[in-house]
Amino acid sequence: MTFTCSELLEKHPQAWQQATVHPFLAGCKSGTIQDSQFDTWLVQDYLFVIEFTRFVARVLANAPADNFEIILGGLSALKAELNWFQTQAKERKLTLETDKQPTCQEYCEYLEELADKSYPVQATAFWAIELAYNQAWQLPGKMSPAYQEFSDRWGNPDFTEYVQFLEKQADRALFTAKPSEQQQAQVAFLQIAHLEKDFWQMAFNAS
Ligand code: HMH
């Protein structure tokens with residue numbers, strides 16, 4: 001039996017809710033988030049996005065050619081995003097030359113593990129990772145002014161449309177995937193939900 005991305009969301013609402021709703025984000029909305037918490041998120045997410053860019057490059061290498069346009073668009077956006085992180089860090093006087101915290105390290109290692117998986121698994125993981133931020137930054141609604149630029153980066157309509165294209169590509173790959181690959185795609189979805197939740201908590205715990 002095949003399933004789609006939206007069926008994964010329907011099947012695992014609690015895991016997904018924990019990935020996308022967190023006191024960290026509520027604190028960005030209310031303005032009560034502390035600089036130490038926000039800055040930890042910013043620096044660690046920059047380090048994550050470097051590894052995520054490498055992951056997306058590996059997904060491109062496995063993709064059918066008719067999926068290139070969306071993935072290359074994603075890589076181009078990631079290039080701009082890495083530069084944007086550097087600008088943000090400079091404004092906040094943060095150094096980006098720092099070690100990954102264990103939670104960030106774990107997520108990055110998981111991205112490397114996905115290198116050995118087939119395209120349907122990778123495409124599902126890619127979609128889940130982007131959807132997580134698209135929803136997480138959008139769900140709280142209008143954020144405190146200092147954080148609006150951040151919520152807009154992942155919550156804006158173009159990013160939402162990009163995530164919908166990733167969903168279509170993942171659905172098409174899942175439709176013809178072997179049962180074992182579909183099973184692995186589901187496991188990857190749940191693992192990503194778990195790692196997203198931990199990533200918010202890592203930043204929230206900073207003092
Ligand atoms: C932790 N998940 C994390 N960081 C990001 N930048 C994304 C997803 C990408 O959208």
# chains A, B, ... in the order shown; residues from 1 in each chain; ligands from 1
call {"tool": "residues_around", "arguments": {"residues": "segment 11-21 of chain A", "least_positions_apart": "2", "cutoff": "10 Å", "atoms": "only C-alpha atoms", "output": "compact mmCIF listing (two decimals) with N, CA, C and O atoms, in the first residue's frame"}}
result
# COMPACT_ATOMS: atom_id res chain seq x y z
N CYS A 5 2.79 12.09 1.21
CA CYS A 5 3.32 12.96 2.27
C CYS A 5 2.19 13.43 3.18
O CYS A 5 2.34 13.43 4.41
N SER A 6 1.06 13.82 2.60
CA SER A 6 0.00 14.34 3.48
C SER A 6 -0.56 13.24 4.36
O SER A 6 -0.99 13.50 5.49
N GLU A 7 -0.50 11.99 3.89
CA GLU A 7 -0.92 10.89 4.75
C GLU A 7 0.05 10.65 5.91
O GLU A 7 -0.37 10.24 7.00
N LEU A 8 1.32 10.94 5.67
CA LEU A 8 2.29 10.85 6.78
C LEU A 8 1.93 11.86 7.88
O LEU A 8 1.98 11.55 9.07
N LEU A 9 1.57 13.06 7.46
CA LEU A 9 1.19 14.10 8.43
C LEU A 9 -0.08 13.70 9.20
O LEU A 9 -0.17 13.92 10.40
N PRO A 23 7.89 26.26 22.67
CA PRO A 23 8.00 27.52 23.44
C PRO A 23 9.05 28.48 22.85
O PRO A 23 8.93 29.69 23.04
N PHE A 24 10.07 27.95 22.17
CA PHE A 24 11.05 28.84 21.54
C PHE A 24 10.33 29.79 20.57
O PHE A 24 10.57 31.01 20.57
N LEU A 25 9.46 29.22 19.76
CA LEU A 25 8.76 30.02 18.75
C LEU A 25 7.72 30.92 19.39
O LEU A 25 7.53 32.07 18.96
N ALA A 26 7.07 30.42 20.42
CA ALA A 26 6.12 31.26 21.17
C ALA A 26 6.85 32.46 21.77
O ALA A 26 6.32 33.57 21.82
N ALA A 128 10.18 16.96 4.34
CA ALA A 128 9.85 17.07 5.77
C ALA A 128 10.69 18.16 6.45
O ALA A 128 10.18 18.93 7.27
N ILE A 129 11.96 18.22 6.09
CA ILE A 129 12.86 19.20 6.74
C ILE A 129 12.43 20.63 6.37
O ILE A 129 12.39 21.52 7.24
N LEU A 131 9.38 21.54 5.23
CA LEU A 131 8.04 21.80 5.76
C LEU A 131 8.08 22.14 7.25
O LEU A 131 7.32 22.99 7.74
N ALA A 132 8.98 21.48 7.97
CA ALA A 132 9.07 21.72 9.41
C ALA A 132 9.28 23.21 9.68
O ALA A 132 8.59 23.81 10.51
N TYR A 133 10.24 23.82 8.95
CA TYR A 133 10.49 25.25 9.19
C TYR A 133 9.39 26.13 8.59
O TYR A 133 9.04 27.16 9.17
N ASN A 134 8.87 25.72 7.46
CA ASN A 134 7.78 26.50 6.85
C ASN A 134 6.60 26.61 7.82
O ASN A 134 6.03 27.69 8.00
N GLN A 135 6.27 25.52 8.48
CA GLN A 135 5.13 25.55 9.41
C GLN A 135 5.52 26.16 10.76
O GLN A 135 4.76 26.94 11.32
N ALA A 136 6.67 25.77 11.26
CA ALA A 136 7.06 26.23 12.60
C ALA A 136 7.11 27.75 12.68
O ALA A 136 6.65 28.34 13.67
N TRP A 137 7.64 28.39 11.66
CA TRP A 137 7.80 29.85 11.70
C TRP A 137 6.51 30.58 11.35
O TRP A 137 6.40 31.79 11.57
N GLN A 138 5.56 29.83 10.79
CA GLN A 138 4.31 30.44 10.34
C GLN A 138 3.19 30.29 11.37
O GLN A 138 2.36 31.19 11.51
N LEU A 139 3.18 29.15 12.05
CA LEU A 139 2.05 28.81 12.92
C LEU A 139 1.78 29.83 14.04
O LEU A 139 0.61 30.08 14.35
N PRO A 140 2.82 30.41 14.66
CA PRO A 140 2.51 31.33 15.77
C PRO A 140 1.78 32.60 15.32
O PRO A 140 1.19 33.29 16.14
N GLN A 186 8.92 6.52 5.88
CA GLN A 186 8.12 6.80 7.07
C GLN A 186 9.01 6.93 8.32
O GLN A 186 8.83 7.84 9.14
N PHE A 189 10.73 10.28 8.17
CA PHE A 189 9.81 11.36 8.54
C PHE A 189 9.73 11.49 10.07
O PHE A 189 9.82 12.60 10.62
N LEU A 190 9.59 10.36 10.74
CA LEU A 190 9.47 10.39 12.21
C LEU A 190 10.78 10.80 12.87
O LEU A 190 10.78 11.52 13.87
N GLN A 191 11.88 10.37 12.30
CA GLN A 191 13.18 10.74 12.85
C GLN A 191 13.42 12.25 12.71
O GLN A 191 13.92 12.90 13.63
N ILE A 192 13.02 12.79 11.58
CA ILE A 192 13.17 14.23 11.36
C ILE A 192 12.26 15.01 12.34
O ILE A 192 12.69 16.01 12.93
N ALA A 193 11.04 14.54 12.52
CA ALA A 193 10.15 15.21 13.48
C ALA A 193 10.80 15.27 14.86
O ALA A 193 10.80 16.31 15.54
N HIS A 194 11.40 14.17 15.24
CA HIS A 194 12.06 14.07 16.54
C HIS A 194 13.27 15.01 16.64
O HIS A 194 13.45 15.73 17.64
N LEU A 195 14.07 15.05 15.60
CA LEU A 195 15.27 15.89 15.60
C LEU A 195 14.91 17.37 15.57
O LEU A 195 15.59 18.21 16.18
N GLU A 196 13.82 17.71 14.89
CA GLU A 196 13.37 19.12 14.86
C GLU A 196 12.96 19.57 16.26
O GLU A 196 13.31 20.66 16.71
N LYS A 197 12.21 18.72 16.93
CA LYS A 197 11.78 19.04 18.31
C LYS A 197 13.00 19.24 19.20
O LYS A 197 13.07 20.22 19.96
N ASP A 198 13.97 18.34 19.08
CA ASP A 198 15.18 18.45 19.91
C ASP A 198 15.97 19.72 19.59
O ASP A 198 16.60 20.31 20.48
N PHE A 199 15.95 20.12 18.33
CA PHE A 199 16.72 21.31 17.92
C PHE A 199 16.14 22.57 18.59
O PHE A 199 16.88 23.40 19.11
N TRP A 200 14.81 22.68 18.60
CA TRP A 200 14.19 23.82 19.31
C TRP A 200 14.54 23.78 20.78
O TRP A 200 14.83 24.80 21.40
call {"tool": "residues_around", "arguments": {"residues": "Gln148 of chain A", "least_positions_apart": "3", "cutoff": "12 Å", "atoms": "only C-alpha atoms", "output": "VMD selection string"}}
result
chain A and resid 25 28 to 31 137 to 138 140 to 145 151 to 156
call {"tool": "write_last_selection", "arguments": {"atoms": "N, CA and C atoms", "output": "PDB file, in the first residue's frame"}}
result
ATOM      1  N   LEU A  25       9.458  29.215  19.763  1.00  0.00           N
ATOM      2  CA  LEU A  25       8.758  30.015  18.747  1.00  0.00           C
ATOM      3  C   LEU A  25       7.718  30.915  19.393  1.00  0.00           C
ATOM      4  N   CYS A  28       9.467  33.893  20.456  1.00  0.00           N
ATOM      5  CA  CYS A  28       9.760  34.835  19.357  1.00  0.00           C
ATOM      6  C   CYS A  28       8.519  35.665  19.042  1.00  0.00           C
ATOM      7  N   LYS A  29       7.374  35.068  19.228  1.00  0.00           N
ATOM      8  CA  LYS A  29       6.124  35.802  18.989  1.00  0.00           C
ATOM      9  C   LYS A  29       5.894  36.852  20.085  1.00  0.00           C
ATOM     10  N   SER A  30       6.077  36.433  21.326  1.00  0.00           N
ATOM     11  CA  SER A  30       5.773  37.330  22.453  1.00  0.00           C
ATOM     12  C   SER A  30       6.916  38.309  22.722  1.00  0.00           C
ATOM     13  N   GLY A  31       8.114  37.973  22.208  1.00  0.00           N
ATOM     14  CA  GLY A  31       9.283  38.817  22.459  1.00  0.00           C
ATOM     15  C   GLY A  31      10.007  38.455  23.749  1.00  0.00           C
ATOM     16  N   TRP A 137       7.641  28.391  11.660  1.00  0.00           N
ATOM     17  CA  TRP A 137       7.796  29.854  11.701  1.00  0.00           C
ATOM     18  C   TRP A 137       6.507  30.584  11.350  1.00  0.00           C
ATOM     19  N   GLN A 138       5.561  29.827  10.785  1.00  0.00           N
ATOM     20  CA  GLN A 138       4.313  30.443  10.340  1.00  0.00           C
ATOM     21  C   GLN A 138       3.191  30.294  11.365  1.00  0.00           C
ATOM     22  N   PRO A 140       2.821  30.414  14.660  1.00  0.00           N
ATOM     23  CA  PRO A 140       2.509  31.331  15.765  1.00  0.00           C
ATOM     24  C   PRO A 140       1.780  32.603  15.321  1.00  0.00           C
ATOM     25  N   GLY A 141       1.825  32.916  14.027  1.00  0.00           N
ATOM     26  CA  GLY A 141       1.250  34.185  13.566  1.00  0.00           C
ATOM     27  C   GLY A 141       2.289  35.286  13.679  1.00  0.00           C
ATOM     28  N   LYS A 142       1.842  36.520  13.616  1.00  0.00           N
ATOM     29  CA  LYS A 142       2.759  37.662  13.559  1.00  0.00           C
ATOM     30  C   LYS A 142       3.686  37.681  14.770  1.00  0.00           C
ATOM     31  N   MET A 143       4.971  37.740  14.480  1.00  0.00           N
ATOM     32  CA  MET A 143       5.962  37.684  15.563  1.00  0.00           C
ATOM     33  C   MET A 143       6.371  39.074  16.018  1.00  0.00           C
ATOM     34  N   SER A 144       7.001  39.105  17.169  1.00  0.00           N
ATOM     35  CA  SER A 144       7.586  40.331  17.692  1.00  0.00           C
ATOM     36  C   SER A 144       8.512  40.924  16.604  1.00  0.00           C
ATOM     37  N   PRO A 145       8.504  42.267  16.415  1.00  0.00           N
ATOM     38  CA  PRO A 145       9.208  42.865  15.271  1.00  0.00           C
ATOM     39  C   PRO A 145      10.641  42.360  15.065  1.00  0.00           C
ATOM     40  N   SER A 151      10.763  34.851  10.727  1.00  0.00           N
ATOM     41  CA  SER A 151       9.544  34.090  10.417  1.00  0.00           C
ATOM     42  C   SER A 151       9.195  34.243   8.943  1.00  0.00           C
ATOM     43  N   ASP A 152       9.504  35.397   8.380  1.00  0.00           N
ATOM     44  CA  ASP A 152       9.190  35.618   6.972  1.00  0.00           C
ATOM     45  C   ASP A 152      10.067  34.760   6.055  1.00  0.00           C
ATOM     46  N   ARG A 153      11.296  34.528   6.458  1.00  0.00           N
ATOM     47  CA  ARG A 153      12.219  33.757   5.608  1.00  0.00           C
ATOM     48  C   ARG A 153      11.656  32.384   5.282  1.00  0.00           C
ATOM     49  N   TRP A 154      11.067  31.738   6.301  1.00  0.00           N
ATOM     50  CA  TRP A 154      10.564  30.376   6.065  1.00  0.00           C
ATOM     51  C   TRP A 154       9.040  30.324   5.944  1.00  0.00           C
ATOM     52  N   GLY A 155       8.384  31.411   6.276  1.00  0.00           N
ATOM     53  CA  GLY A 155       6.915  31.394   6.235  1.00  0.00           C
ATOM     54  C   GLY A 155       6.338  32.087   5.019  1.00  0.00           C
ATOM     55  N   ASN A 156       7.199  32.676   4.184  1.00  0.00           N
ATOM     56  CA  ASN A 156       6.667  33.492   3.074  1.00  0.00           C
ATOM     57  C   ASN A 156       6.008  32.609   1.998  1.00  0.00           C
TER      58      ASN A 156
END
call {"tool": "select_by_dssp", "arguments": {"residues": "segment 7-126 of chain A", "states": "helix (DSSP H, G or I)", "output": "ChimeraX atom specification"}}
result
/A:7-11,13-20,23-30,35-62,65-91,102-116,119-126
call {"tool": "closest_residue", "arguments": {"among": "A:Ser118, A:Thr98, A:Thr53, A:Gln88", "to": "ligand 1", "atoms": "only C-alpha atoms and all ligand atoms"}}
result
A:Thr53
call {"tool": "residues_around", "arguments": {"residues": "Leu60 of chain A", "least_positions_apart": "5", "cutoff": "10 Å", "atoms": "only C-alpha atoms", "output": "compact mmCIF listing (two decimals) with C-alpha atoms, in the first residue's frame"}}
result
# COMPACT_ATOMS: atom_id res chain seq x y z
CA ARG A 54 25.47 19.12 1.27
CA PHE A 55 22.46 16.84 1.83
CA ALA A 65 16.15 15.07 -14.29
CA ASN A 67 13.12 17.18 -10.48
CA PHE A 68 16.28 19.23 -11.06
CA GLU A 69 14.59 22.60 -11.46
CA ILE A 70 13.05 22.63 -7.98
CA ILE A 71 16.13 21.19 -6.28
CA LEU A 72 18.49 23.61 -8.02
CA LEU A 75 20.24 25.07 -3.60
CA TYR A 119 15.64 8.69 -3.80
CA GLN A 122 15.65 11.25 0.42
CA ALA A 123 12.89 13.20 -1.31
call {"tool": "closest_residue", "arguments": {"among": "A:Thr4, A:Asn205, A:Ser180, A:Thr40", "to": "Ala89 of chain A", "atoms": "only C-alpha atoms"}}
result
A:Thr40
call {"tool": "closest_residue", "arguments": {"among": "A:Asp116, A:Glu167, A:Glu51, A:Glu149", "to": "Cys104 of chain A", "atoms": "only C-alpha atoms"}}
result
A:Glu51
call {"tool": "closest_residue", "arguments": {"among": "A:Val56, A:Ala63, A:Ala125, A:Leu82", "to": "Ala185 of chain A", "atoms": "only C-alpha atoms"}}
result
A:Ala125
call {"tool": "decode", "arguments": {"residues": "segment 187-207 of chain A", "atoms": "N, CA, C and O atoms", "output": "mmCIF file, in the first residue's frame"}}
result
data_model
loop_
_atom_site.group_PDB
_atom_site.id
_atom_site.type_symbol
_atom_site.label_atom_id
_atom_site.label_comp_id
_atom_site.auth_asym_id
_atom_site.auth_seq_id
_atom_site.Cartn_x
_atom_site.Cartn_y
_atom_site.Cartn_z
ATOM 1 N N VAL A 187 9.977 6.053 8.418
ATOM 2 C CA VAL A 187 10.929 6.109 9.536
ATOM 3 C C VAL A 187 11.693 7.441 9.495
ATOM 4 O O VAL A 187 11.893 8.102 10.522
ATOM 5 N N ALA A 188 12.097 7.857 8.291
ATOM 6 C CA ALA A 188 12.844 9.119 8.147
ATOM 7 C C ALA A 188 11.975 10.308 8.567
ATOM 8 O O ALA A 188 12.444 11.220 9.264
ATOM 9 N N PHE A 189 10.732 10.284 8.170
ATOM 10 C CA PHE A 189 9.811 11.360 8.543
ATOM 11 C C PHE A 189 9.729 11.492 10.069
ATOM 12 O O PHE A 189 9.821 12.596 10.624
ATOM 13 N N LEU A 190 9.587 10.365 10.741
ATOM 14 C CA LEU A 190 9.469 10.385 12.210
ATOM 15 C C LEU A 190 10.781 10.801 12.869
ATOM 16 O O LEU A 190 10.783 11.518 13.873
ATOM 17 N N GLN A 191 11.881 10.367 12.297
ATOM 18 C CA GLN A 191 13.184 10.738 12.848
ATOM 19 C C GLN A 191 13.417 12.251 12.711
ATOM 20 O O GLN A 191 13.917 12.900 13.631
ATOM 21 N N ILE A 192 13.019 12.789 11.585
ATOM 22 C CA ILE A 192 13.167 14.234 11.365
ATOM 23 C C ILE A 192 12.263 15.010 12.339
ATOM 24 O O ILE A 192 12.691 16.012 12.926
ATOM 25 N N ALA A 193 11.045 14.535 12.525
ATOM 26 C CA ALA A 193 10.146 15.208 13.479
ATOM 27 C C ALA A 193 10.803 15.273 14.863
ATOM 28 O O ALA A 193 10.802 16.305 15.537
ATOM 29 N N HIS A 194 11.404 14.172 15.241
ATOM 30 C CA HIS A 194 12.056 14.066 16.537
ATOM 31 C C HIS A 194 13.268 15.015 16.645
ATOM 32 O O HIS A 194 13.451 15.726 17.637
ATOM 33 N N LEU A 195 14.069 15.046 15.596
ATOM 34 C CA LEU A 195 15.268 15.892 15.599
ATOM 35 C C LEU A 195 14.908 17.372 15.567
ATOM 36 O O LEU A 195 15.594 18.206 16.176
ATOM 37 N N GLU A 196 13.825 17.712 14.894
ATOM 38 C CA GLU A 196 13.365 19.116 14.864
ATOM 39 C C GLU A 196 12.956 19.570 16.264
ATOM 40 O O GLU A 196 13.307 20.657 16.713
ATOM 41 N N LYS A 197 12.209 18.725 16.933
ATOM 42 C CA LYS A 197 11.776 19.035 18.308
ATOM 43 C C LYS A 197 13.002 19.243 19.198
ATOM 44 O O LYS A 197 13.075 20.218 19.964
ATOM 45 N N ASP A 198 13.968 18.336 19.085
ATOM 46 C CA ASP A 198 15.184 18.446 19.909
ATOM 47 C C ASP A 198 15.969 19.717 19.590
ATOM 48 O O ASP A 198 16.596 20.306 20.478
ATOM 49 N N PHE A 199 15.949 20.121 18.325
ATOM 50 C CA PHE A 199 16.716 21.312 17.924
ATOM 51 C C PHE A 199 16.140 22.567 18.587
ATOM 52 O O PHE A 199 16.877 23.404 19.106
ATOM 53 N N TRP A 200 14.815 22.676 18.596
ATOM 54 C CA TRP A 200 14.189 23.818 19.306
ATOM 55 C C TRP A 200 14.538 23.779 20.783
ATOM 56 O O TRP A 200 14.829 24.805 21.397
ATOM 57 N N GLN A 201 14.493 22.575 21.335
ATOM 58 C CA GLN A 201 14.745 22.463 22.772
ATOM 59 C C GLN A 201 16.195 22.830 23.100
ATOM 60 O O GLN A 201 16.463 23.475 24.116
ATOM 61 N N MET A 202 17.115 22.430 22.225
ATOM 62 C CA MET A 202 18.527 22.782 22.413
ATOM 63 C C MET A 202 18.695 24.301 22.533
ATOM 64 O O MET A 202 19.376 24.803 23.437
ATOM 65 N N ALA A 203 18.048 25.035 21.624
ATOM 66 C CA ALA A 203 18.160 26.504 21.659
ATOM 67 C C ALA A 203 17.465 27.060 22.883
ATOM 68 O O ALA A 203 17.983 27.975 23.552
ATOM 69 N N PHE A 204 16.317 26.504 23.198
ATOM 70 C CA PHE A 204 15.536 26.996 24.334
ATOM 71 C C PHE A 204 16.285 26.806 25.656
ATOM 72 O O PHE A 204 16.157 27.608 26.578
ATOM 73 N N ASN A 205 17.078 25.734 25.724
ATOM 74 C CA ASN A 205 17.817 25.439 26.964
ATOM 75 C C ASN A 205 19.013 26.358 27.198
ATOM 76 O O ASN A 205 19.598 26.335 28.279
ATOM 77 N N ALA A 206 19.396 27.127 26.187
ATOM 78 C CA ALA A 206 20.614 27.958 26.312
ATOM 79 C C ALA A 206 20.434 29.009 27.383
ATOM 80 O O ALA A 206 19.351 29.573 27.546
ATOM 81 N N SER A 207 21.507 29.257 28.127
ATOM 82 C CA SER A 207 21.401 30.304 29.149
ATOM 83 C C SER A 207 22.642 31.189 29.108
ATOM 84 O O SER A 207 23.610 30.881 28.432
#
